[in-house]
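Structure, as structure tokens:
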Amino acid sequence: MSKTNKGNFFEDFRLGQVIVHATPRTVTVGDVALYTALYGSRFVVQSSDAFAQSIGYARSPVDDLLVFHIVFGKTVPEVSLNAVANLGYADCRFLAPVYPGDTLSSSSEVIGLKENSSGQTGVVYVRSRGVNQRGAVVLEYVRWVMVRKRNENAPAPAEVVPQLPRALAPDQLGDACPIIESRKYDVALSGSPHRWGDYLPGERIDHVDGMTVEEAEHMLATRLYQNTAKVHFNQYTEGQGRFGRRLIYGGHVISLARALSFNGLGNAFHIAAINGGRHVSPLFAGLTVFAWTEVLERAEIHGRSDVGALRLRTIATKDQPTAAHPLKQGENYDPSVILDLDYWALMPR
């Protein structure tokens, strides 16, 4: 019996299967500092204990996307070690703040299976949960991933594609954000004068700046999350694959786009939910990421007068500045687009 893990292939998954993932991870201030070094995120609540405490947090919470990546990374050995690509996300909610010193664990339930027409791969849908050391769920999300088959002749399971909400309702938001004292939210220190009421649906924001991806950075980031997917690390195998080189982890692109969005959305300090996301095309080291955002909706949160929610659609591109807001060419995405992310962010009112 082999003592090593070669990961699950498509035919190994079963509908309703629950997988408990190794390894619990205690988040430290070192993780937070390294995350900042990788992406340069400047959102003040996650940057300053003094600022966070002044508005009602216990201290600076861990960046929402760092929480996402750590929980996600734990799922890789069992869910996507043999992935061709991670295809998308939906129904993602941040349910409790995470602070340095908290320990995160994760589990996943298989909620859908669909073999592809080629017979060589299939799509696996999982709902993953991250919990802290007290057993409180801090994050829950669905993702779907294209996974290789071990044996192309293996019989396909019955096709089940889960029905997922197009977007979370505003009354499902805000659990991970304590009631804040918005009058103490200092916009001079936050770096932006614009609050929730200053944004209108239909508004488009070019985030102006670009960030070039380096091989060392994306590999360091993926190791930080203990994400073991060979498509990001193993040039020996990927050199023989479709692209001839390693892919940049899709979450790396999300964090880059989020960091870039500070220029224009500096007070969107908390991601409350991710409604949906698509990695439209691959990204490789040496290319430069740009981003722009459209405000889709502005919503009040029931019982909250301190913060409001903005539903945002952030588009990331490769080697294409975004002043012209590139998105579609006819029915298809513009060739420069690499990420289409729909999410809710909270802002002080």
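Ordered as shown in the structure tokens, chains take letters A, B, and onward, while each chain numbers its residues from 1 and ligands are numbered from 1 in the order shown.
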If we count only C-alpha atoms, what is near Ala96 (chain A) at a cut-off of 10 Å, once residues fewer than 4 positions away on the same chain are taken out, given as a list in words?
->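 Returned residues: Pro61, Val131, Asn132, Ala136, Val137, Val138, Leu139, Gly174, Asp175, Ala176, Cys177, Pro178 and Ala272 of chain A.
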Tell me which protein, DNA and RNA residues are within 9 Å of Phe9 (chain A), counting only C-alpha atoms, leaving out same-chain ones fewer than 2 positions away, and put them as a count of residues only.
-> 17
Write out as JSON, numbers by chain the residues lying within 12 Å of Gly210 (chain A), counting only C-alpha atoms and excluding same-chain residues fewer than 6 positions away.
-> {"A": [39, 40, 253, 256, 257, 258, 259, 260, 261, 263, 287, 288, 289, 290, 291, 292, 316, 317, 318, 319, 320, 321, 322, 323]}
With N, CA and C atoms retained, export the selected residues as a short mmCIF file (atom, residue, chain, number, x, y, z; two decimals), in the first residue's frame.
data_model
loop_
_atom_site.label_atom_id
_atom_site.label_comp_id
_atom_site.auth_asym_id
_atom_site.auth_seq_id
_atom_site.Cartn_x
_atom_site.Cartn_y
_atom_site.Cartn_z
N TYR A 39 1.66 41.69 -2.05
CA TYR A 39 0.63 42.40 -2.82
C TYR A 39 0.60 43.91 -2.57
N GLY A 40 1.16 44.37 -1.47
CA GLY A 40 1.15 45.80 -1.18
C GLY A 40 -0.20 46.36 -0.81
N VAL A 253 -4.06 36.25 -8.59
CA VAL A 253 -4.63 37.30 -9.43
C VAL A 253 -5.70 38.08 -8.66
N LEU A 256 -3.98 40.42 -6.28
CA LEU A 256 -3.39 41.55 -7.00
C LEU A 256 -4.47 42.56 -7.38
N ALA A 257 -5.59 42.07 -7.92
CA ALA A 257 -6.67 42.97 -8.33
C ALA A 257 -7.24 43.71 -7.12
N ARG A 258 -7.39 43.01 -6.01
CA ARG A 258 -7.90 43.64 -4.79
C ARG A 258 -6.95 44.74 -4.31
N ALA A 259 -5.65 44.47 -4.31
CA ALA A 259 -4.67 45.47 -3.89
C ALA A 259 -4.70 46.68 -4.82
N LEU A 260 -4.79 46.42 -6.12
CA LEU A 260 -4.85 47.52 -7.09
C LEU A 260 -6.11 48.37 -6.90
N SER A 261 -7.20 47.73 -6.45
CA SER A 261 -8.49 48.44 -6.33
C SER A 261 -8.48 49.49 -5.22
N ASN A 263 -6.82 52.04 -5.11
CA ASN A 263 -6.83 53.33 -5.80
C ASN A 263 -8.19 53.53 -6.47
N LEU A 287 4.10 38.94 -16.95
CA LEU A 287 3.01 39.79 -17.43
C LEU A 287 2.57 40.75 -16.33
N THR A 288 1.95 41.84 -16.74
CA THR A 288 1.54 42.89 -15.80
C THR A 288 0.03 42.90 -15.65
N VAL A 289 -0.43 42.92 -14.41
CA VAL A 289 -1.86 42.89 -14.10
C VAL A 289 -2.37 44.30 -13.86
N PHE A 290 -3.49 44.64 -14.50
CA PHE A 290 -4.22 45.89 -14.28
C PHE A 290 -5.65 45.53 -13.86
N ALA A 291 -6.40 46.51 -13.38
CA ALA A 291 -7.76 46.22 -12.95
C ALA A 291 -8.65 47.44 -13.05
N TRP A 292 -9.95 47.17 -13.28
CA TRP A 292 -10.98 48.21 -13.19
C TRP A 292 -12.22 47.60 -12.55
N ALA A 316 -9.81 42.03 -14.05
CA ALA A 316 -8.35 42.12 -14.14
C ALA A 316 -7.90 41.74 -15.54
N THR A 317 -6.85 42.41 -16.00
CA THR A 317 -6.32 42.17 -17.35
C THR A 317 -4.82 41.88 -17.27
N LYS A 318 -4.29 41.34 -18.36
CA LYS A 318 -2.84 41.12 -18.45
C LYS A 318 -2.28 41.97 -19.59
N ASP A 319 -1.25 42.74 -19.25
CA ASP A 319 -0.57 43.61 -20.22
C ASP A 319 -1.54 44.52 -20.96
N GLN A 320 -2.56 45.00 -20.26
CA GLN A 320 -3.54 45.89 -20.87
C GLN A 320 -4.05 46.89 -19.83
N PRO A 321 -3.59 48.15 -19.88
CA PRO A 321 -4.16 49.17 -18.99
C PRO A 321 -5.67 49.26 -19.20
N THR A 322 -6.38 49.74 -18.19
CA THR A 322 -7.83 49.57 -18.17
C THR A 322 -8.62 50.89 -18.23
N ALA A 323 -8.03 51.94 -18.74
CA ALA A 323 -8.77 53.20 -18.85
C ALA A 323 -10.01 53.05 -19.72
#
Spatial neighbours of region 20-32 of chain A, 7 Å, only C-alpha atoms, chain gap at least 4 places, as a PyMOL selection string | chain A and resi 36+62+74-75+100-108
Expected file: the selected residues, N, CA and C atoms, as a PDB file, in the first residue's frame:
ATOM      1  N   THR A  36       1.355  41.286   2.879  1.00  0.00           N
ATOM      2  CA  THR A  36       1.507  42.693   2.485  1.00  0.00           C
ATOM      3  C   THR A  36       2.691  42.859   1.543  1.00  0.00           C
ATOM      4  N   VAL A  62      -7.142  39.789  10.075  1.00  0.00           N
ATOM      5  CA  VAL A  62      -6.363  39.261   8.957  1.00  0.00           C
ATOM      6  C   VAL A  62      -7.101  39.589   7.660  1.00  0.00           C
ATOM      7  N   LYS A  74      -5.637  24.425   1.890  1.00  0.00           N
ATOM      8  CA  LYS A  74      -5.759  23.144   2.578  1.00  0.00           C
ATOM      9  C   LYS A  74      -6.569  22.136   1.766  1.00  0.00           C
ATOM     10  N   THR A  75      -7.438  22.627   0.902  1.00  0.00           N
ATOM     11  CA  THR A  75      -8.292  21.733   0.126  1.00  0.00           C
ATOM     12  C   THR A  75      -7.586  21.147  -1.087  1.00  0.00           C
ATOM     13  N   PRO A 100      -4.604  37.429  14.044  1.00  0.00           N
ATOM     14  CA  PRO A 100      -3.375  36.679  14.290  1.00  0.00           C
ATOM     15  C   PRO A 100      -3.483  35.889  15.592  1.00  0.00           C
ATOM     16  N   GLY A 101      -3.050  34.641  15.538  1.00  0.00           N
ATOM     17  CA  GLY A 101      -3.197  33.748  16.677  1.00  0.00           C
ATOM     18  C   GLY A 101      -4.321  32.751  16.509  1.00  0.00           C
ATOM     19  N   ASP A 102      -5.262  33.034  15.600  1.00  0.00           N
ATOM     20  CA  ASP A 102      -6.330  32.075  15.315  1.00  0.00           C
ATOM     21  C   ASP A 102      -5.784  30.925  14.472  1.00  0.00           C
ATOM     22  N   THR A 103      -6.348  29.732  14.688  1.00  0.00           N
ATOM     23  CA  THR A 103      -5.963  28.536  13.938  1.00  0.00           C
ATOM     24  C   THR A 103      -7.105  28.147  13.005  1.00  0.00           C
ATOM     25  N   LEU A 104      -6.779  27.952  11.730  1.00  0.00           N
ATOM     26  CA  LEU A 104      -7.786  27.645  10.716  1.00  0.00           C
ATOM     27  C   LEU A 104      -7.664  26.202  10.242  1.00  0.00           C
ATOM     28  N   SER A 105      -8.807  25.548  10.125  1.00  0.00           N
ATOM     29  CA  SER A 105      -8.910  24.207   9.561  1.00  0.00           C
ATOM     30  C   SER A 105      -9.992  24.242   8.488  1.00  0.00           C
ATOM     31  N   SER A 106     -10.007  23.228   7.624  1.00  0.00           N
ATOM     32  CA  SER A 106     -11.020  23.242   6.562  1.00  0.00           C
ATOM     33  C   SER A 106     -11.492  21.843   6.217  1.00  0.00           C
ATOM     34  N   SER A 107     -12.698  21.795   5.654  1.00  0.00           N
ATOM     35  CA  SER A 107     -13.290  20.558   5.150  1.00  0.00           C
ATOM     36  C   SER A 107     -14.082  20.895   3.894  1.00  0.00           C
ATOM     37  N   SER A 108     -14.367  19.881   3.095  1.00  0.00           N
ATOM     38  CA  SER A 108     -15.115  20.083   1.852  1.00  0.00           C
ATOM     39  C   SER A 108     -16.131  18.975   1.654  1.00  0.00           C
TER      40      SER A 108
END
Using DSSP secondary structure from the backbone, list all strand (DSSP E or B) positions within region 151-300 of chain A, as a JSON list (two decimals) with all heavy atoms, in the first residue's frame.
[["chain", "number", "residue", "atom", "x", "y", "z"],
["A", 160, "VAL", "N", -24.45, 15.75, -11.91],
["A", 160, "VAL", "CA", -25.15, 16.63, -10.98],
["A", 160, "VAL", "C", -24.43, 17.97, -10.97],
["A", 160, "VAL", "O", -23.25, 18.04, -10.62],
["A", 160, "VAL", "CB", -25.19, 16.06, -9.55],
["A", 160, "VAL", "CG1", -25.84, 17.05, -8.59],
["A", 160, "VAL", "CG2", -25.93, 14.74, -9.52],
["A", 204, "ARG", "N", -17.92, 53.38, -13.17],
["A", 204, "ARG", "CA", -16.76, 52.56, -13.52],
["A", 204, "ARG", "C", -15.48, 53.27, -13.07],
["A", 204, "ARG", "O", -15.33, 54.48, -13.26],
["A", 204, "ARG", "CB", -16.71, 52.30, -15.03],
["A", 204, "ARG", "CG", -17.81, 51.36, -15.51],
["A", 204, "ARG", "CD", -17.68, 51.04, -16.98],
["A", 204, "ARG", "NE", -18.51, 49.89, -17.36],
["A", 204, "ARG", "CZ", -18.44, 49.28, -18.53],
["A", 204, "ARG", "NH1", -17.59, 49.71, -19.45],
["A", 204, "ARG", "NH2", -19.23, 48.25, -18.79],
["A", 205, "ILE", "N", -14.59, 52.50, -12.48],
["A", 205, "ILE", "CA", -13.38, 53.05, -11.88],
["A", 205, "ILE", "C", -12.16, 52.34, -12.47],
["A", 205, "ILE", "O", -12.02, 51.12, -12.34],
["A", 205, "ILE", "CB", -13.38, 52.85, -10.35],
["A", 205, "ILE", "CG1", -14.62, 53.49, -9.73],
["A", 205, "ILE", "CG2", -12.11, 53.43, -9.73],
["A", 205, "ILE", "CD1", -14.90, 53.02, -8.31],
["A", 206, "ASP", "N", -11.30, 53.09, -13.13],
["A", 206, "ASP", "CA", -10.02, 52.56, -13.58],
["A", 206, "ASP", "C", -9.04, 52.69, -12.41],
["A", 206, "ASP", "O", -8.80, 53.79, -11.92],
["A", 206, "ASP", "CB", -9.52, 53.35, -14.79],
["A", 206, "ASP", "CG", -8.10, 53.01, -15.18],
["A", 206, "ASP", "OD1", -7.64, 51.90, -14.87],
["A", 206, "ASP", "OD2", -7.43, 53.87, -15.81],
["A", 211, "MET", "N", 0.74, 45.89, -11.86],
["A", 211, "MET", "CA", 1.72, 45.15, -11.07],
["A", 211, "MET", "C", 2.18, 43.94, -11.87],
["A", 211, "MET", "O", 1.37, 43.11, -12.28],
["A", 211, "MET", "CB", 1.10, 44.72, -9.74],
["A", 211, "MET", "CG", 2.11, 44.51, -8.63],
["A", 211, "MET", "SD", 1.36, 44.10, -7.02],
["A", 211, "MET", "CE", 0.36, 45.55, -6.71],
["A", 212, "THR", "N", 3.48, 43.85, -12.10],
["A", 212, "THR", "CA", 4.05, 42.74, -12.85],
["A", 212, "THR", "C", 4.27, 41.54, -11.94],
["A", 212, "THR", "O", 4.74, 41.69, -10.81],
["A", 212, "THR", "CB", 5.38, 43.16, -13.50],
["A", 212, "THR", "OG1", 5.14, 44.29, -14.36],
["A", 212, "THR", "CG2", 5.98, 42.03, -14.33],
["A", 270, "HIS", "N", -13.65, 45.79, 3.72],
["A", 270, "HIS", "CA", -13.96, 44.40, 4.05],
["A", 270, "HIS", "C", -14.72, 43.74, 2.91],
["A", 270, "HIS", "O", -15.72, 44.27, 2.43],
["A", 270, "HIS", "CB", -14.81, 44.35, 5.32],
["A", 270, "HIS", "CG", -15.41, 43.01, 5.63],
["A", 270, "HIS", "ND1", -14.66, 41.85, 5.69],
["A", 270, "HIS", "CD2", -16.70, 42.63, 5.90],
["A", 270, "HIS", "CE1", -15.46, 40.83, 5.98],
["A", 270, "HIS", "NE2", -16.69, 41.27, 6.11],
["A", 271, "ILE", "N", -14.21, 42.59, 2.45],
["A", 271, "ILE", "CA", -14.96, 41.77, 1.51],
["A", 271, "ILE", "C", -15.92, 40.92, 2.32],
["A", 271, "ILE", "O", -15.50, 40.08, 3.12],
["A", 271, "ILE", "CB", -14.03, 40.87, 0.67],
["A", 271, "ILE", "CG1", -13.10, 41.73, -0.19],
["A", 271, "ILE", "CG2", -14.84, 39.94, -0.21],
["A", 271, "ILE", "CD1", -12.11, 40.92, -1.00],
["A", 272, "ALA", "N", -17.21, 41.15, 2.14],
["A", 272, "ALA", "CA", -18.21, 40.41, 2.91],
["A", 272, "ALA", "C", -18.61, 39.11, 2.22],
["A", 272, "ALA", "O", -18.97, 38.14, 2.89],
["A", 272, "ALA", "CB", -19.45, 41.29, 3.11],
["A", 273, "ALA", "N", -18.55, 39.10, 0.88],
["A", 273, "ALA", "CA", -18.98, 37.91, 0.14],
["A", 273, "ALA", "C", -18.42, 37.97, -1.27],
["A", 273, "ALA", "O", -18.18, 39.06, -1.81],
["A", 273, "ALA", "CB", -20.51, 37.83, 0.08],
["A", 274, "ILE", "N", -18.23, 36.80, -1.86],
["A", 274, "ILE", "CA", -17.91, 36.68, -3.28],
["A", 274, "ILE", "C", -19.08, 35.99, -3.94],
["A", 274, "ILE", "O", -19.40, 34.84, -3.63],
["A", 274, "ILE", "CB", -16.60, 35.90, -3.51],
["A", 274, "ILE", "CG1", -15.42, 36.64, -2.88],
["A", 274, "ILE", "CG2", -16.36, 35.68, -5.00],
["A", 274, "ILE", "CD1", -14.11, 35.88, -2.92],
["A", 275, "ASN", "N", -19.77, 36.71, -4.82],
["A", 275, "ASN", "CA", -20.94, 36.16, -5.50],
["A", 275, "ASN", "C", -20.55, 35.17, -6.58],
["A", 275, "ASN", "O", -21.25, 34.16, -6.80],
["A", 275, "ASN", "CB", -21.77, 37.29, -6.12],
["A", 275, "ASN", "CG", -22.30, 38.24, -5.06],
["A", 275, "ASN", "OD1", -22.90, 37.81, -4.09],
["A", 275, "ASN", "ND2", -22.06, 39.53, -5.25],
["A", 276, "GLY", "N", -19.50, 35.47, -7.28],
["A", 276, "GLY", "CA", -19.05, 34.60, -8.35],
["A", 276, "GLY", "C", -17.74, 35.09, -8.90],
["A", 276, "GLY", "O", -17.42, 36.28, -8.83],
["A", 277, "GLY", "N", -16.97, 34.19, -9.44],
["A", 277, "GLY", "CA", -15.70, 34.57, -10.04],
["A", 277, "GLY", "C", -15.29, 33.60, -11.11],
["A", 277, "GLY", "O", -15.55, 32.39, -11.00],
["A", 278, "ARG", "N", -14.69, 34.12, -12.16],
["A", 278, "ARG", "CA", -14.21, 33.28, -13.26],
["A", 278, "ARG", "C", -12.77, 33.65, -13.58],
["A", 278, "ARG", "O", -12.43, 34.83, -13.72],
["A", 278, "ARG", "CB", -15.05, 33.47, -14.52],
["A", 278, "ARG", "CG", -16.46, 32.95, -14.47],
["A", 278, "ARG", "CD", -17.10, 33.03, -15.84],
["A", 278, "ARG", "NE", -16.38, 32.21, -16.82],
["A", 278, "ARG", "CZ", -16.56, 32.27, -18.13],
["A", 278, "ARG", "NH1", -17.44, 33.14, -18.62],
["A", 278, "ARG", "NH2", -15.88, 31.49, -18.95],
["A", 279, "HIS", "N", -11.93, 32.61, -13.69],
["A", 279, "HIS", "CA", -10.59, 32.81, -14.23],
["A", 279, "HIS", "C", -10.72, 32.63, -15.74],
["A", 279, "HIS", "O", -10.80, 31.51, -16.25],
["A", 279, "HIS", "CB", -9.62, 31.83, -13.61],
["A", 279, "HIS", "CG", -9.46, 32.01, -12.13],
["A", 279, "HIS", "ND1", -8.96, 33.16, -11.58],
["A", 279, "HIS", "CD2", -9.77, 31.19, -11.09],
["A", 279, "HIS", "CE1", -8.95, 33.04, -10.26],
["A", 279, "HIS", "NE2", -9.44, 31.87, -9.95],
["A", 288, "THR", "N", 1.95, 41.84, -16.74],
["A", 288, "THR", "CA", 1.54, 42.89, -15.80],
["A", 288, "THR", "C", 0.03, 42.90, -15.65],
["A", 288, "THR", "O", -0.70, 42.90, -16.65],
["A", 288, "THR", "CB", 2.04, 44.27, -16.27],
["A", 288, "THR", "OG1", 3.47, 44.24, -16.35],
["A", 288, "THR", "CG2", 1.62, 45.37, -15.31],
["A", 289, "VAL", "N", -0.43, 42.92, -14.41],
["A", 289, "VAL", "CA", -1.86, 42.89, -14.10],
["A", 289, "VAL", "C", -2.37, 44.30, -13.86],
["A", 289, "VAL", "O", -1.76, 45.09, -13.11],
["A", 289, "VAL", "CB", -2.12, 42.01, -12.86],
["A", 289, "VAL", "CG1", -3.60, 42.08, -12.44],
["A", 289, "VAL", "CG2", -1.71, 40.58, -13.13],
["A", 290, "PHE", "N", -3.49, 44.64, -14.50],
["A", 290, "PHE", "CA", -4.22, 45.89, -14.28],
["A", 290, "PHE", "C", -5.65, 45.53, -13.86],
["A", 290, "PHE", "O", -6.08, 44.37, -14.00],
["A", 290, "PHE", "CB", -4.27, 46.72, -15.56],
["A", 290, "PHE", "CG", -2.92, 47.19, -16.06],
["A", 290, "PHE", "CD1", -2.14, 46.39, -16.89],
["A", 290, "PHE", "CD2", -2.43, 48.44, -15.70],
["A", 290, "PHE", "CE1", -0.91, 46.81, -17.35],
["A", 290, "PHE", "CE2", -1.19, 48.88, -16.16],
["A", 290, "PHE", "CZ", -0.43, 48.07, -16.99],
["A", 291, "ALA", "N", -6.40, 46.51, -13.38],
["A", 291, "ALA", "CA", -7.76, 46.22, -12.95],
["A", 291, "ALA", "C", -8.65, 47.44, -13.05],
["A", 291, "ALA", "O", -8.19, 48.58, -12.92],
["A", 291, "ALA", "CB", -7.76, 45.70, -11.51],
["A", 292, "TRP", "N", -9.95, 47.17, -13.28],
["A", 292, "TRP", "CA", -10.98, 48.21, -13.19],
["A", 292, "TRP", "C", -12.22, 47.60, -12.55],
["A", 292, "TRP", "O", -12.37, 46.39, -12.49],
["A", 292, "TRP", "CB", -11.31, 48.81, -14.56],
["A", 292, "TRP", "CG", -11.97, 47.89, -15.54],
["A", 292, "TRP", "CD1", -11.37, 47.03, -16.40],
["A", 292, "TRP", "CD2", -13.38, 47.76, -15.79],
["A", 292, "TRP", "NE1", -12.31, 46.35, -17.16],
["A", 292, "TRP", "CE2", -13.55, 46.78, -16.81],
["A", 292, "TRP", "CE3", -14.51, 48.37, -15.25],
["A", 292, "TRP", "CZ2", -14.80, 46.41, -17.29],
["A", 292, "TRP", "CZ3", -15.77, 48.00, -15.73],
["A", 292, "TRP", "CH2", -15.90, 47.04, -16.74],
["A", 293, "THR", "N", -13.09, 48.46, -12.02],
["A", 293, "THR", "CA", -14.27, 47.98, -11.29],
["A", 293, "THR", "C", -15.51, 48.75, -11.71],
["A", 293, "THR", "O", -15.46, 49.97, -11.90],
["A", 293, "THR", "CB", -14.06, 48.15, -9.77],
["A", 293, "THR", "OG1", -12.99, 47.30, -9.35],
["A", 293, "THR", "CG2", -15.32, 47.80, -8.99],
["A", 294, "GLU", "N", -16.62, 48.01, -11.83],
["A", 294, "GLU", "CA", -17.93, 48.62, -12.01],
["A", 294, "GLU", "C", -18.75, 48.42, -10.74],
["A", 294, "GLU", "O", -18.76, 47.33, -10.16],
["A", 294, "GLU", "CB", -18.67, 47.98, -13.18],
["A", 294, "GLU", "CG", -20.06, 48.59, -13.41],
["A", 294, "GLU", "CD", -20.79, 47.99, -14.59],
["A", 294, "GLU", "OE1", -20.26, 47.05, -15.21],
["A", 294, "GLU", "OE2", -21.90, 48.46, -14.89],
["A", 295, "VAL", "N", -19.42, 49.49, -10.30],
["A", 295, "VAL", "CA", -20.34, 49.38, -9.17],
["A", 295, "VAL", "C", -21.66, 48.84, -9.71],
["A", 295, "VAL", "O", -22.33, 49.48, -10.52],
["A", 295, "VAL", "CB", -20.56, 50.75, -8.49],
["A", 295, "VAL", "CG1", -21.54, 50.61, -7.31],
["A", 295, "VAL", "CG2", -19.23, 51.33, -8.02],
["A", 296, "LEU", "N", -22.03, 47.64, -9.26],
["A", 296, "LEU", "CA", -23.26, 47.01, -9.74],
["A", 296, "LEU", "C", -24.47, 47.40, -8.91],
["A", 296, "LEU", "O", -25.58, 47.51, -9.43],
["A", 296, "LEU", "CB", -23.11, 45.48, -9.72],
["A", 296, "LEU", "CG", -22.01, 44.88, -10.58],
["A", 296, "LEU", "CD1", -21.97, 43.37, -10.40],
["A", 296, "LEU", "CD2", -22.20, 45.24, -12.05],
["A", 297, "GLU", "N", -24.27, 47.59, -7.61],
["A", 297, "GLU", "CA", -25.40, 47.82, -6.71],
["A", 297, "GLU", "C", -24.90, 48.48, -5.44],
["A", 297, "GLU", "O", -23.78, 48.21, -4.99],
["A", 297, "GLU", "CB", -26.07, 46.47, -6.39],
["A", 297, "GLU", "CG", -27.35, 46.55, -5.60],
["A", 297, "GLU", "CD", -27.98, 45.18, -5.40],
["A", 297, "GLU", "OE1", -27.54, 44.21, -6.06],
["A", 297, "GLU", "OE2", -28.91, 45.07, -4.58],
["A", 298, "ARG", "N", -25.73, 49.32, -4.87],
["A", 298, "ARG", "CA", -25.45, 49.90, -3.55],
["A", 298, "ARG", "C", -26.60, 49.52, -2.64],
["A", 298, "ARG", "O", -27.77, 49.75, -2.99],
["A", 298, "ARG", "CB", -25.32, 51.42, -3.64],
["A", 298, "ARG", "CG", -24.83, 52.08, -2.36],
["A", 298, "ARG", "CD", -24.64, 53.56, -2.54],
["A", 298, "ARG", "NE", -25.93, 54.26, -2.67],
["A", 298, "ARG", "CZ", -26.05, 55.56, -2.94],
["A", 298, "ARG", "NH1", -24.96, 56.29, -3.16],
["A", 298, "ARG", "NH2", -27.23, 56.11, -3.04],
["A", 299, "ALA", "N", -26.30, 48.91, -1.49],
["A", 299, "ALA", "CA", -27.36, 48.36, -0.65],
["A", 299, "ALA", "C", -27.12, 48.68, 0.81],
["A", 299, "ALA", "O", -25.98, 48.68, 1.30],
["A", 299, "ALA", "CB", -27.46, 46.84, -0.84],
["A", 300, "GLU", "N", -28.22, 48.93, 1.51],
["A", 300, "GLU", "CA", -28.17, 49.03, 2.96],
["A", 300, "GLU", "C", -28.21, 47.61, 3.54],
["A", 300, "GLU", "O", -28.73, 46.68, 2.92],
["A", 300, "GLU", "CB", -29.36, 49.83, 3.48],
["A", 300, "GLU", "CG", -29.35, 51.29, 3.04],
["A", 300, "GLU", "CD", -30.50, 52.08, 3.65],
["A", 300, "GLU", "OE1", -31.34, 51.47, 4.33],
["A", 300, "GLU", "OE2", -30.53, 53.30, 3.44]]
